[in-house]
Amino acid sequence: MRKVLAATALAGSMAFAGLAVAPAAQAATSAPVSATQASGSMGSWGKYYSSNKKAYTYGKTYKSGKKVYTHWYGKESSSKYGYVWFKYYSGGKWHQFYRQWNGSHHAKWSGKGIKKIYTWTCWGGKHKYCGSQHRIYG
């Protein structure tokens with residue numbers, strides 16, 4: 001009986017605090033979503049590291065009018081270079097490019113008709129020590 005009363009009191013306090021039980025149950029039955037996908041399609045993203053943690057990137061992606069803008073920052077502290085890759089879907093095709101930097105760097109890029117954007121960070125070469133891909137828009 002005490003366990004039932006304790007459970008009821010706990011459920012009542014959770015409802016009072018504004019915590020819903022149904023979304024937690026729904027989340028437990030739905031497909032898993034990575035943290036990068038859960039963050040939404042617009043806003044801040046990162047820090048995304050190279051696989052050896054010697055370089056990282058972060059930034060902000062947003063839509064204004066018909067254009068999607070990405071403002072990114074890169075950091076690395078060695079004699080080698082960091083690389084940020086962007087892969088985006090536009091006009092029915094996938095496109096990708098990279099930018100190289102040494103030390104600290106920031107830049108912007110934009111495009112029309114972009115539906116999805118992924119990014120990843122490498123260090124020491126454009127295909128060396130690459131971290132995992134992260135969806136930052138779409």
# chains A, B, ... in the order shown; residues from 1 in each chain; ligands from 1

$ residues_around --residues "Asn102 of chain A" --least-positions-apart "5" --cutoff "7 Å" --atoms "only C-alpha atoms" --output "list in words"
Glu76, Lys80, Tyr81 and Gly82 of chain A

$ write_last_selection --atoms "N, CA and C atoms" --output "tab-separated table (two decimals), in the first residue's frame"
chain	number	residue	atom	x	y	z
A	76	GLU	N	42.48	24.78	-34.18
A	76	GLU	CA	43.48	23.72	-34.06
A	76	GLU	C	44.77	24.39	-33.64
A	80	LYS	N	50.18	21.59	-38.26
A	80	LYS	CA	49.39	21.07	-39.39
A	80	LYS	C	48.08	21.84	-39.52
A	81	TYR	N	47.31	21.48	-40.51
A	81	TYR	CA	46.08	22.20	-40.81
A	81	TYR	C	44.85	21.43	-40.34
A	82	GLY	N	43.80	22.18	-40.08
A	82	GLY	CA	42.49	21.59	-39.84
A	82	GLY	C	41.66	21.74	-41.11

$ residues_around --residues "Trp45 of chain A" --least-positions-apart "5" --cutoff "8 Å" --atoms "only C-alpha atoms" --output "PyMOL selection string"
chain A and resi 36+58-61+136

$ atom_distance --atom1 "atom CA of Lys93 of chain A" --atom2 "atom CA of Lys126 of chain A"
22.2 Å

$ closest_residue --among "A:Ser104, A:Gln96, A:Thr121, A:Ser78" --to "Lys47 of chain A" --atoms "only C-alpha atoms"
A:Thr121

$ closest_residue --among "A:Ile114, A:Ala107, A:Cys130, A:Val84" --to "Thr57 of chain A" --atoms "only C-alpha atoms"
A:Val84

$ closest_residue --among "A:Tyr83, A:Tyr73, A:Tyr48, A:Tyr89" --to "Gly111 of chain A" --atoms "only C-alpha atoms"
A:Tyr89

$ closest_residue --among "A:Thr70, A:Ser79, A:Ser51, A:Ser44" --to "Gly103 of chain A" --atoms "only C-alpha atoms"
A:Ser79

$ closest_residue --among "A:Ser90, A:Arg135, A:Lys67, A:Phe97" --to "Ser110 of chain A" --atoms "only C-alpha atoms"
A:Lys67

$ closest_residue --among "A:Lys53, A:His95, A:His71, A:Lys63" --to "Gly138 of chain A" --atoms "only C-alpha atoms"
A:Lys63

$ atom_distance --atom1 "atom CA of His105 of chain A" --atom2 "atom CA of Tyr129 of chain A"
19.0 Å

$ select_by_dssp --residues "segment 56-126 of chain A" --states "strand (DSSP E or B)" --output "PyMOL selection string"
chain A and resi 56-64+67-76+82-90+93-101+104-112+114-123

$ atom_distance --atom1 "atom CA of Lys54 of chain A" --atom2 "atom CA of Trp94 of chain A"
28.2 Å
